[in-house]
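One file, target36.cif, carrying mmCIF, C-alpha atoms:
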```cif
data_data
loop_
_atom_site.label_atom_id
_atom_site.label_comp_id
_atom_site.auth_asym_id
_atom_site.auth_seq_id
_atom_site.Cartn_x
_atom_site.Cartn_y
_atom_site.Cartn_z
CA MET H 24 22.18 15.05 3.50
CA ASP H 25 24.86 13.58 5.74
CA GLU H 26 26.38 10.85 3.56
CA LYS H 27 28.39 9.29 6.40
CA LEU H 28 25.35 9.05 8.65
CA LEU H 29 23.30 7.59 5.84
CA GLU H 30 25.98 4.99 5.15
CA ARG H 31 26.26 4.06 8.83
CA ARG H 32 22.49 3.65 9.08
CA HIS H 33 22.31 1.39 6.01
CA SER H 34 25.21 -0.66 7.34
CA ASP H 35 23.77 -1.01 10.87
CA TYR H 36 20.36 -2.02 9.52
CA GLN H 37 21.71 -4.72 7.21
CA LYS H 38 24.08 -6.04 9.86
CA ALA H 39 21.25 -6.31 12.38
CA ALA H 40 19.17 -8.22 9.84
CA ASN H 41 22.05 -10.71 9.45
CA HIS H 42 22.71 -11.27 13.14
CA GLN H 43 25.77 -9.06 13.27
CA GLU H 44 26.51 -6.12 15.52
CA GLY H 45 26.90 -2.78 13.78
CA GLU H 46 27.85 0.50 15.38
CA TYR H 47 24.38 0.95 16.88
CA VAL H 48 21.13 -1.02 17.22
CA PRO H 49 18.89 0.37 14.44
CA VAL H 50 15.97 2.46 15.68
CA GLN H 51 12.89 2.15 13.47
CA ALA H 52 10.35 4.95 13.23
CA ASN H 53 6.81 4.10 12.24
CA SER H 54 4.36 6.00 10.12
CA GLY H 55 0.92 7.33 10.92
CA SER H 56 -1.04 10.53 10.76
CA GLY H 57 -0.53 11.08 14.51
CA LEU H 58 2.82 12.63 13.59
CA CYS H 59 1.08 15.14 11.35
CA ALA H 60 -1.29 16.08 14.18
CA TYR H 61 1.66 16.33 16.61
CA ALA H 62 3.11 19.03 14.33
CA GLY H 63 -0.24 20.87 14.50
CA VAL H 64 -1.05 20.28 10.85
CA ASN H 65 -4.45 19.13 9.64
CA LEU H 66 -4.17 16.09 7.38
CA GLY H 67 -7.53 16.68 5.69
CA GLU H 68 -6.54 20.19 4.71
CA CYS H 69 -3.23 18.96 3.27
CA ILE H 70 -4.99 16.34 1.16
CA ARG H 71 -7.74 18.66 -0.07
CA ASN H 72 -5.29 21.41 -1.01
CA ARG H 73 -2.63 19.08 -2.48
CA LYS H 74 -0.06 20.26 0.09
CA PHE H 75 2.13 17.15 -0.14
CA TYR H 76 5.34 18.89 0.93
CA GLU H 77 3.67 20.47 3.95
CA TYR H 78 2.22 17.09 4.92
CA VAL H 79 5.51 15.19 4.64
CA THR H 80 7.40 17.98 6.44
CA ALA H 81 4.86 17.89 9.26
CA VAL H 82 5.22 14.10 9.64
CA ALA H 83 9.01 14.47 9.77
CA GLU H 84 9.08 17.39 12.22
CA ILE H 85 9.24 15.15 15.30
CA PHE H 86 12.68 13.93 14.21
CA ASP H 87 14.09 17.33 15.17
CA GLU H 88 13.71 16.13 18.76
CA MET H 89 13.39 12.32 18.49
CA TYR H 90 16.05 9.94 17.23
CA ALA H 91 15.29 7.36 14.53
CA ASP H 92 17.36 5.72 11.78
CA THR H 93 14.61 4.50 9.48
CA TYR H 94 11.32 5.77 8.16
CA THR H 95 8.29 4.39 6.38
CA PRO H 96 7.31 6.74 3.54
CA PRO H 97 4.18 8.50 4.82
CA PHE H 98 1.14 7.97 2.71
CA PRO H 99 -2.24 8.92 4.15
CA MET H 100 -4.40 5.94 3.34
CA THR H 101 -7.30 7.92 2.06
CA ASN H 102 -8.15 9.94 -0.98
CA VAL H 103 -10.82 12.51 -0.30
CA THR H 104 -11.30 13.40 -3.96
CA ALA H 105 -12.00 9.79 -4.82
CA GLU H 106 -14.32 9.60 -1.85
CA LYS H 107 -16.27 12.66 -3.00
CA LEU H 108 -16.51 11.65 -6.65
CA LEU H 109 -17.26 7.99 -6.15
CA GLY H 110 -19.71 8.48 -3.31
CA GLY H 111 -17.66 6.79 -0.64
CA SER H 112 -14.45 4.89 -0.08
CA SER H 113 -13.29 1.97 2.05
CA LEU H 114 -10.84 4.30 3.80
CA SER H 115 -11.93 7.72 4.93
CA LEU H 116 -10.74 10.59 7.02
CA SER H 117 -12.19 10.77 10.53
CA PRO H 118 -14.06 13.91 11.62
CA ASP H 119 -11.02 14.91 13.72
CA GLY H 120 -9.14 15.54 10.45
CA THR H 121 -6.30 13.34 11.66
CA SER H 122 -6.93 9.63 11.76
CA VAL H 123 -8.09 7.37 8.98
CA GLN H 124 -10.83 4.80 9.40
CA ALA H 125 -11.59 1.68 7.41
CA THR H 126 -15.14 0.66 6.57
CA GLN H 127 -15.89 -2.93 5.73
CA LYS H 128 -18.17 -3.22 2.71
CA TYR H 129 -17.74 -6.17 0.38
CA TYR H 130 -19.37 -6.96 -2.92
CA MET H 131 -18.54 -10.63 -3.44
CA TYR H 132 -21.08 -13.17 -2.13
CA ASP H 133 -20.52 -16.79 -1.10
CA THR H 134 -22.39 -17.91 -4.24
CA ASP H 135 -19.88 -16.06 -6.46
CA TYR H 136 -16.95 -18.45 -6.03
CA PRO H 137 -17.58 -20.41 -9.27
CA GLN H 138 -17.59 -17.22 -11.42
CA PHE H 139 -14.60 -15.83 -9.53
CA ILE H 140 -12.65 -19.05 -10.12
CA GLU H 141 -13.72 -19.42 -13.76
CA ASN H 142 -12.76 -15.93 -14.92
CA HIS H 143 -11.43 -13.68 -12.21
CA ASP H 144 -10.80 -10.57 -14.37
CA LYS H 145 -14.22 -10.73 -16.03
CA PHE H 146 -15.91 -11.25 -12.68
CA ILE H 147 -14.27 -8.12 -11.23
CA SER H 148 -15.00 -5.83 -14.19
CA ASP H 149 -18.47 -7.13 -15.13
CA THR H 150 -19.91 -8.11 -11.76
CA LEU H 151 -18.10 -6.56 -8.80
CA LEU H 152 -17.65 -3.12 -10.38
CA LYS H 153 -21.33 -3.09 -11.36
CA ARG H 154 -22.30 -3.80 -7.79
CA LYS H 155 -19.95 -1.18 -6.40
CA TYR H 156 -20.55 1.57 -8.99
CA PRO H 157 -23.89 0.81 -10.67
CA HIS H 158 -24.09 4.39 -12.07
CA PHE H 159 -20.95 3.76 -14.18
CA PHE H 160 -23.07 1.45 -16.30
CA THR H 161 -26.17 3.67 -16.66
CA ASP H 162 -25.04 7.33 -16.55
CA PRO H 163 -23.91 9.06 -19.79
CA ILE H 164 -20.48 7.69 -20.63
CA GLU H 165 -19.01 11.21 -20.94
CA LYS H 166 -19.92 11.87 -17.30
CA VAL H 167 -18.51 8.52 -16.15
CA ALA H 168 -15.27 9.18 -18.04
CA GLU H 169 -14.86 12.59 -16.38
CA ILE H 170 -15.25 11.03 -12.93
CA ILE H 171 -12.77 8.23 -13.63
CA LYS H 172 -10.23 10.66 -15.10
CA ALA H 173 -10.49 12.95 -12.07
CA VAL H 174 -10.11 10.06 -9.64
CA THR H 175 -7.15 8.42 -11.41
CA ASP H 176 -5.36 11.77 -11.99
CA ASP H 177 -5.83 12.56 -8.34
CA THR H 178 -4.57 9.15 -7.21
CA ASN H 179 -1.49 9.34 -9.46
CA GLU H 180 -0.71 12.89 -8.27
CA PHE H 181 -1.20 11.80 -4.69
CA ILE H 182 1.16 8.85 -4.89
CA MET H 183 3.86 10.75 -6.78
CA GLY H 184 3.56 13.82 -4.55
CA CYS H 185 4.00 11.87 -1.33
CA ALA H 186 6.81 9.65 -2.65
CA ALA H 187 8.92 12.48 -4.10
CA ASN H 188 8.64 14.65 -1.01
CA SER H 189 9.36 11.75 1.36
CA GLU H 190 12.70 11.08 -0.26
CA GLU H 191 13.59 14.75 -0.21
CA VAL H 192 12.57 15.39 3.39
CA PHE H 193 13.47 12.13 5.19
CA GLY H 194 16.50 11.25 3.09
CA GLY H 195 17.67 14.77 2.25
CA LYS H 196 17.08 16.66 5.47
CA TYR H 197 17.25 13.91 8.11
CA SER H 198 19.49 11.35 6.39
CA MET H 199 17.05 8.62 7.40
CA ILE H 200 16.73 5.38 5.44
CA PRO H 201 13.48 3.84 4.16
CA ILE H 202 12.86 0.40 5.68
CA THR H 203 11.44 -1.00 2.47
CA GLY H 204 11.03 -0.16 -1.19
CA GLY H 205 12.44 -0.93 -4.57
CA ALA H 206 11.69 -4.64 -4.69
CA GLY H 207 7.90 -4.66 -4.42
CA TYR H 208 5.43 -5.56 -1.75
CA MET H 209 4.59 -8.99 -0.38
CA TYR H 210 0.91 -9.95 -0.39
CA HIS H 211 -0.43 -13.41 0.38
CA PRO H 212 -3.38 -14.48 -1.84
CA LEU H 213 -5.55 -15.42 1.16
CA ASP H 214 -4.99 -11.95 2.57
CA LEU H 215 -6.15 -10.49 -0.74
CA LEU H 216 -9.35 -12.55 -0.60
CA PHE H 217 -9.80 -11.43 3.00
CA ASP H 218 -8.97 -7.73 2.48
CA SER H 219 -10.50 -7.08 -0.94
CA TYR H 220 -13.26 -9.56 -1.71
CA ARG H 221 -14.92 -11.33 1.20
CA GLY H 222 -13.95 -9.38 4.34
CA ILE H 223 -13.17 -10.61 7.84
CA LYS H 224 -16.40 -12.30 8.85
CA ASP H 225 -17.28 -13.95 5.54
CA THR H 226 -13.78 -15.25 4.76
CA LEU H 227 -13.63 -16.94 8.13
CA ILE H 228 -17.06 -18.51 7.59
CA ASP H 229 -16.06 -19.66 4.07
CA LEU H 230 -12.93 -21.35 5.43
CA ARG H 231 -15.20 -23.60 7.47
CA ARG H 232 -18.13 -24.07 5.10
CA MET H 233 -16.43 -24.24 1.70
CA PRO H 234 -12.68 -24.72 2.17
CA GLU H 235 -12.14 -26.22 -1.31
CA LYS H 236 -13.70 -23.18 -2.98
CA VAL H 237 -11.56 -20.84 -0.90
CA GLU H 238 -8.48 -22.82 -1.88
CA ALA H 239 -9.41 -22.64 -5.56
CA ALA H 240 -10.06 -18.89 -5.34
CA VAL H 241 -6.78 -18.34 -3.51
CA GLU H 242 -4.98 -20.23 -6.27
CA VAL H 243 -6.60 -17.96 -8.89
CA ILE H 244 -5.51 -14.87 -6.95
CA TRP H 245 -1.99 -16.30 -6.62
CA GLN H 246 -1.80 -16.77 -10.39
CA THR H 247 -3.40 -13.46 -11.40
CA GLU H 248 -2.68 -10.87 -8.73
CA CYS H 249 0.32 -11.87 -6.62
CA ASP H 250 3.93 -11.00 -7.16
CA HIS H 251 5.69 -14.33 -6.45
CA LEU H 252 8.85 -12.37 -5.68
CA ASP H 253 10.92 -14.88 -7.65
CA GLY H 254 12.39 -12.20 -9.90
CA VAL H 255 13.68 -9.79 -7.29
CA GLU H 256 17.04 -8.45 -8.41
CA VAL H 257 18.11 -6.44 -5.39
CA SER H 258 19.12 -7.70 -1.97
CA TYR H 259 18.22 -4.45 -0.23
CA PRO H 260 16.01 -2.56 0.70
CA TYR H 261 13.83 -5.35 2.01
CA VAL H 262 10.26 -6.23 1.09
CA GLN H 263 7.42 -5.40 3.46
CA GLU H 264 4.35 -7.42 4.33
CA CYS H 265 1.52 -6.73 6.78
CA PRO H 266 -0.48 -9.98 6.89
CA HIS H 267 -3.97 -9.49 8.27
CA ILE H 268 -5.70 -12.87 8.43
CA PRO H 269 -3.26 -15.13 10.35
CA THR H 270 -4.17 -13.73 13.76
CA TYR H 271 -7.74 -15.03 13.14
CA LEU H 272 -6.67 -18.53 12.02
CA ASN H 273 -6.14 -21.57 14.18
CA ARG H 274 -3.01 -23.68 13.66
CA LYS H 275 -4.73 -26.16 11.39
CA GLN H 276 -6.12 -23.43 9.14
CA TYR H 277 -2.82 -21.55 9.10
CA GLU H 278 -0.92 -24.68 8.13
CA ARG H 279 -3.33 -25.54 5.33
CA PHE H 280 -4.35 -22.15 3.90
CA PHE H 281 -1.54 -19.71 4.68
CA TRP H 282 1.85 -21.12 5.51
CA PRO H 283 2.70 -22.98 2.26
CA ARG H 284 2.48 -19.88 0.03
CA HIS H 285 3.94 -17.72 2.78
CA LEU H 286 6.98 -19.95 3.02
CA GLU H 287 7.27 -19.92 -0.78
CA LEU H 288 7.31 -16.11 -0.85
CA ILE H 289 9.82 -15.89 1.98
CA THR H 290 12.04 -18.53 0.36
CA ASN H 291 11.89 -16.83 -3.05
CA LEU H 292 13.04 -13.59 -1.47
CA SER H 293 15.74 -15.34 0.49
CA LYS H 294 17.09 -16.99 -2.67
CA ALA H 295 17.39 -13.50 -4.18
CA GLY H 296 19.36 -12.39 -1.12
CA ASN H 297 16.50 -10.17 0.01
CA LYS H 298 14.39 -10.45 3.19
CA ALA H 299 10.77 -10.15 4.26
CA HIS H 300 10.00 -7.43 6.80
CA ILE H 301 6.78 -8.80 8.26
CA LEU H 302 4.50 -7.00 10.68
CA LEU H 303 2.71 -9.75 12.61
CA GLU H 304 -0.57 -7.90 13.03
CA GLY H 305 -2.40 -8.97 16.17
CA ARG H 306 -1.33 -12.13 18.00
CA TRP H 307 0.64 -14.94 16.35
CA GLN H 308 1.84 -16.78 19.45
CA HIS H 309 0.04 -19.98 18.36
CA ILE H 310 1.71 -20.01 14.91
CA ASN H 311 5.02 -18.17 15.37
CA GLU H 312 7.00 -21.41 15.45
CA TYR H 313 6.40 -21.89 11.70
CA PHE H 314 9.04 -19.20 11.12
CA LEU H 315 11.60 -21.69 12.45
CA ASP H 316 11.15 -23.54 9.14
CA ALA H 317 11.95 -20.43 7.07
CA PRO H 318 15.58 -19.96 5.97
CA LYS H 319 17.80 -18.42 8.63
CA ASP H 320 17.84 -14.61 8.54
CA SER H 321 15.13 -14.53 5.89
CA CYS H 322 12.69 -12.48 7.97
CA ILE H 323 12.52 -9.39 10.11
CA ILE H 324 9.71 -10.21 12.51
CA HIS H 325 7.98 -7.01 13.66
CA VAL H 326 6.08 -7.99 16.80
CA ASP H 327 2.65 -6.48 17.39
CA ASP H 328 0.49 -7.83 20.25
CA ASP H 329 2.56 -10.90 21.14
CA ASP H 330 4.90 -10.79 24.14
CA PRO H 331 8.20 -9.68 22.55
CA PHE H 332 10.27 -11.66 25.04
CA GLU H 333 8.42 -14.87 24.14
CA VAL H 334 8.87 -14.22 20.43
CA TYR H 335 12.57 -13.52 20.94
CA SER H 336 12.98 -16.66 23.02
CA LEU H 337 11.38 -18.76 20.26
CA LEU H 338 12.74 -17.12 17.10
CA GLY H 339 15.55 -14.79 18.15
CA GLU H 340 18.41 -17.03 17.10
CA ARG H 341 16.95 -17.67 13.66
CA GLN H 342 15.20 -14.45 12.59
CA THR H 343 15.66 -10.76 13.36
CA ILE H 344 13.19 -9.44 15.92
CA CYS H 345 11.86 -5.90 15.61
CA CYS H 346 10.25 -4.72 18.85
CA GLY H 347 11.05 -2.89 22.05
CA LEU H 348 8.29 -0.50 23.03
CA PRO H 349 4.66 -1.69 23.17
CA GLN H 350 2.12 1.08 22.81
CA LYS H 351 0.42 0.14 26.08
CA VAL H 352 3.73 0.69 27.92
CA TYR H 353 4.60 4.16 26.65
CA LYS H 354 1.02 5.43 26.66
CA TYR H 355 0.06 4.29 30.16
CA SER H 356 3.27 4.14 32.25
CA ASP H 357 5.54 6.76 33.75
CA LYS H 358 8.86 7.66 32.14
CA ASN H 359 11.05 5.50 34.40
CA THR H 360 8.90 2.40 33.85
CA CYS H 361 9.17 2.95 30.09
CA LEU H 362 12.95 3.39 30.18
CA ASP H 363 13.33 0.29 32.39
CA TYR H 364 11.27 -1.70 29.91
CA VAL H 365 13.42 -0.55 26.98
CA ARG H 366 16.63 -1.25 28.92
CA ASN H 367 15.43 -4.79 29.68
CA VAL H 368 14.61 -5.40 25.99
CA PHE H 369 18.09 -4.26 24.93
CA ASP H 370 19.81 -6.29 27.66
CA THR H 371 17.92 -9.38 26.48
CA MET H 372 17.98 -9.01 22.70
CA ALA H 373 20.69 -6.65 21.42
CA SER H 374 23.80 -8.77 21.87
CA GLY H 375 25.01 -10.32 18.63
CA GLY H 376 22.66 -8.38 16.35
CA GLY H 377 19.33 -9.69 15.08
CA PHE H 378 17.46 -6.92 16.85
CA ILE H 379 15.82 -3.70 15.65
CA PHE H 380 14.17 -1.32 18.09
CA SER H 381 10.62 -0.14 17.35
CA THR H 382 7.19 0.41 18.82
CA ASN H 383 4.76 -2.41 18.09
CA LYS H 384 2.21 -0.19 16.32
CA SER H 385 2.17 2.77 13.98
CA TRP H 386 1.29 6.23 15.25
CA GLU H 387 -2.19 6.85 13.96
CA THR H 388 -3.62 9.45 16.32
CA LEU H 389 -2.27 12.34 18.35
CA SER H 390 -2.49 10.27 21.54
CA ASP H 391 -0.04 7.74 20.04
CA VAL H 392 2.71 10.39 20.16
CA ASN H 393 3.89 11.61 23.56
CA GLN H 394 6.98 12.59 25.55
CA ASN H 395 7.53 8.98 26.71
CA LEU H 396 7.82 7.89 23.09
CA ILE H 397 10.36 10.62 22.37
CA ASP H 398 12.37 9.87 25.53
CA CYS H 399 12.42 6.12 24.84
CA TYR H 400 13.55 6.56 21.23
CA ASN H 401 16.36 8.89 22.29
CA PHE H 402 17.35 6.49 25.06
CA ALA H 403 17.24 3.51 22.68
CA HIS H 404 19.83 5.11 20.41
CA GLU H 405 22.08 6.11 23.30
CA TYR H 406 21.81 2.71 25.04
CA GLY H 407 22.04 0.84 21.74
CA LYS H 408 25.68 1.68 21.01
CA TYR H 409 27.65 -1.54 20.59
CA MET K 26 -32.82 -2.31 -27.66
CA GLU K 27 -29.61 -0.59 -26.58
CA LYS K 28 -26.76 -2.92 -25.65
CA GLU K 29 -25.93 -3.04 -21.97
CA ARG K 30 -22.66 -1.19 -21.21
CA THR K 31 -19.66 -3.23 -20.11
CA PHE K 32 -16.53 -2.09 -18.35
CA GLU K 33 -14.63 -2.74 -21.57
CA ASP K 34 -16.83 -0.07 -23.25
CA ILE K 35 -15.67 2.43 -20.62
CA ILE K 36 -12.03 1.44 -21.13
CA GLN K 37 -12.36 1.88 -24.91
CA TYR K 38 -13.97 5.30 -24.47
CA LEU K 39 -11.12 6.44 -22.21
CA LYS K 40 -8.51 4.99 -24.55
CA ASN K 41 -9.83 7.12 -27.38
CA ASP K 42 -10.44 10.22 -25.26
CA LYS K 43 -8.12 12.91 -26.69
CA THR K 44 -9.14 15.46 -24.05
CA TRP K 45 -7.43 13.53 -21.24
CA ASP K 46 -4.25 15.41 -20.30
CA ILE K 47 -2.07 12.40 -19.55
CA ASP K 48 1.03 10.95 -21.20
CA ASP K 49 0.68 7.72 -23.17
CA GLU K 50 2.70 5.57 -20.80
CA THR K 51 0.75 6.67 -17.70
CA LYS K 52 -2.51 6.29 -19.59
CA GLU K 53 -1.68 2.74 -20.64
CA TYR K 54 -0.67 1.76 -17.11
CA THR K 55 -3.71 3.48 -15.59
CA LEU K 56 -6.16 1.75 -17.91
CA MET K 57 -4.48 -1.62 -17.53
CA SER K 58 -5.02 -1.58 -13.78
CA LEU K 59 -8.19 0.52 -13.74
CA ALA K 60 -10.64 -2.20 -12.70
CA GLY K 61 -8.47 -3.14 -9.73
CA THR K 62 -7.83 0.49 -8.80
CA LEU K 63 -11.51 1.42 -8.81
CA PHE K 64 -12.50 -1.74 -7.02
CA GLY K 65 -9.84 -1.11 -4.37
CA LEU K 66 -10.89 2.46 -3.55
#
```
Taking this structure as input, can you express it in the form of structure tokens?
Amino acid sequence: MDEKLLERRHSDYQKAANHQEGEYVPVQANSGSGLCAYAGVNLGECIRNRKFYEYVTAVAEIFDEMYADTYTPPFPMTNVTAEKLLGGSSLSLSPDGTSVQATQKYYMYDTDYPQFIENHDKFISDTLLKRKYPHFFTDPIEKVAEIIKAVTDDTNEFIMGCAANSEEVFGGKYSMIPITGGAGYMYHPLDLLFDSYRGIKDTLIDLRRMPEKVEAAVEVIWQTECDHLDGVEVSYPYVQECPHIPTYLNRKQYERFFWPRHLELITNLSKAGNKAHILLEGRWQHINEYFLDAPKDSCIIHVDDDDPFEVYSLLGERQTICCGLPQKVYKYSDKNTCLDYVRNVFDTMASGGGFIFSTNKSWETLSDVNQNLIDCYNFAHEYGKY
Amino acid sequence: MEKERTFEDIIQYLKNDKTWDIDDETKEYTLMSLAGTLFGL
């Protein structure tokens, strides 16, 4: 571990997030199983054979040739043992052995809102779990217990194995800093309803047909499941959030159902001296201006499908913008076009801090990792010296 | 007639299961969040 490099990276990152110039513009790496495939290692095999160290080492291998200051601890979002024992999972490994795919299957119906609101915990354990795993309630209890023990042991081992090796490999070998961690994770209650209970289509229908019930359910989730982030005791590392539903909401819906609690979470973090590192999944151009009402320097806005120059023009003086290399640019343009794009982003956004360089998306498949990506990241560090 | 099994019955069974090779703290945490964990998988 290079202590000086580590210190410089922490300092540059925090300065950027407070609109100050450090030594360099921070360069943010993203996660994704594409990095594992790039190293020629099969993710499925690593998971099945509990090769956590080999997996993490494979994900990190690209940083022998590509510059980056930060990392997101790699965690393959699937658990093949759980999948096998439970007869399916919402996240599963694709046949290519590399990418992970999500399957939408939800067990809460529109008629369930009253029970959900009345007793949320009871509804999950007595109704939703029965719908999802009916055999848990009919098979011999000894058999059910063996399955649950195997799944939970596996999940615990999985989480610990990935976390411990990430710190050792990324921090120890590459002196890279994690972009988040330590102070929890930010989850909006409407996103939880959307992700866990009602799914994309049905949540959006409910918002129109039964908005009061959705509001009541969201309030229950807020009280029972959400960390309000009002007890955060550290100012750094920052807290990450990947909101999913806002890109599907119109302004009126966003203002009524999402922004009030979102602002509360952001403000709570800001009061603690911490910040929200928010990946704006999809397009937020119609609602981005709400971030003007959040405390100054309370957010790191990671741009996804919006035009980064437009986001910077709107929010750049108030919040830190994390962007610089859209996937469509580095995957479908020649090297010089990519480097010109990156140069233009730096010339527009780097002065005065408040800018972190990154791709807009994570690197999920082998085709998301190419020589243009490597060249642009190396150029970004070189060109990003203040 | 046999009583219908509830999730709480499963939790109680696991709580008293001496064959589970897991430390007390991890067991307590695992069981506390078990419904959410299983539902989330």
On this file, the PyMOL selection byres ((chain K) within 6 of (chain H)) gives some set of residues; write that set as a short mmCIF file (atom, residue, chain, number, x, y, z; two decimals) with C-alpha atoms, keeping the file's coordinate frame.
```
data_model
loop_
_atom_site.label_atom_id
_atom_site.label_comp_id
_atom_site.auth_asym_id
_atom_site.auth_seq_id
_atom_site.Cartn_x
_atom_site.Cartn_y
_atom_site.Cartn_z
CA ARG K 30 -22.66 -1.19 -21.21
CA PHE K 32 -16.53 -2.09 -18.35
CA ALA K 60 -10.64 -2.20 -12.70
CA LEU K 66 -10.89 2.46 -3.55
#
```
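Between atom CA of Tyr335 of chain H and atom CA of Ala373 of chain H there is a distance of 10.6 Å.
Among H:Asp229, H:Asp330, H:Glu264, H:Asp253, the residue with the shortest atom-to-atom distance to Gly204 of chain H, counting all atoms listed in the file, is H:Glu264.
Across the structure, atom CA of Asp133 of chain H and atom CA of Leu213 of chain H are spaced 15.2 Å apart.
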Given the PyMOL selection byres ((chain H and resi 254) around 9), the residues it picks as a list in words:
Asp250, His251, Leu252, Asp253, Val255, Glu256, Asn291, Leu292 and Ala295 of chain H
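Candidate residues H:Val192, H:Val50, H:Ile223, H:Ile244 were compared for distance to Gly407 of chain H, and the nearest is H:Val50, using all atoms listed in the file.
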Would you place a box with edges along x, y and z of the file around all atoms of segment 195-199 of chain H listed there, add 5 Å to each of its six sides, and report the centre and edge lengths in Å to one decimal, as lines of an AutoDock Vina configuration file?
```
center_x = 18.3
center_y = 12.6
center_z = 5.2
size_x = 12.4
size_y = 18.0
size_z = 15.9
```
Do you know which residues are at most 12 Å from Thr360 of chain H counting all atoms listed in the file, after dropping those on the same chain fewer than 6 positions away, and could you put them as a ChimeraX atom specification?
/H:348,351-354,366-367,395,398-399
Since I can't run it myself right now, could you work out what the PyMOL selection byres ((chain H and resi 198) around 7) selects here and report it as a VMD selection string?
chain H and resid 24 to 25 28 to 29 193 to 197 199 to 200
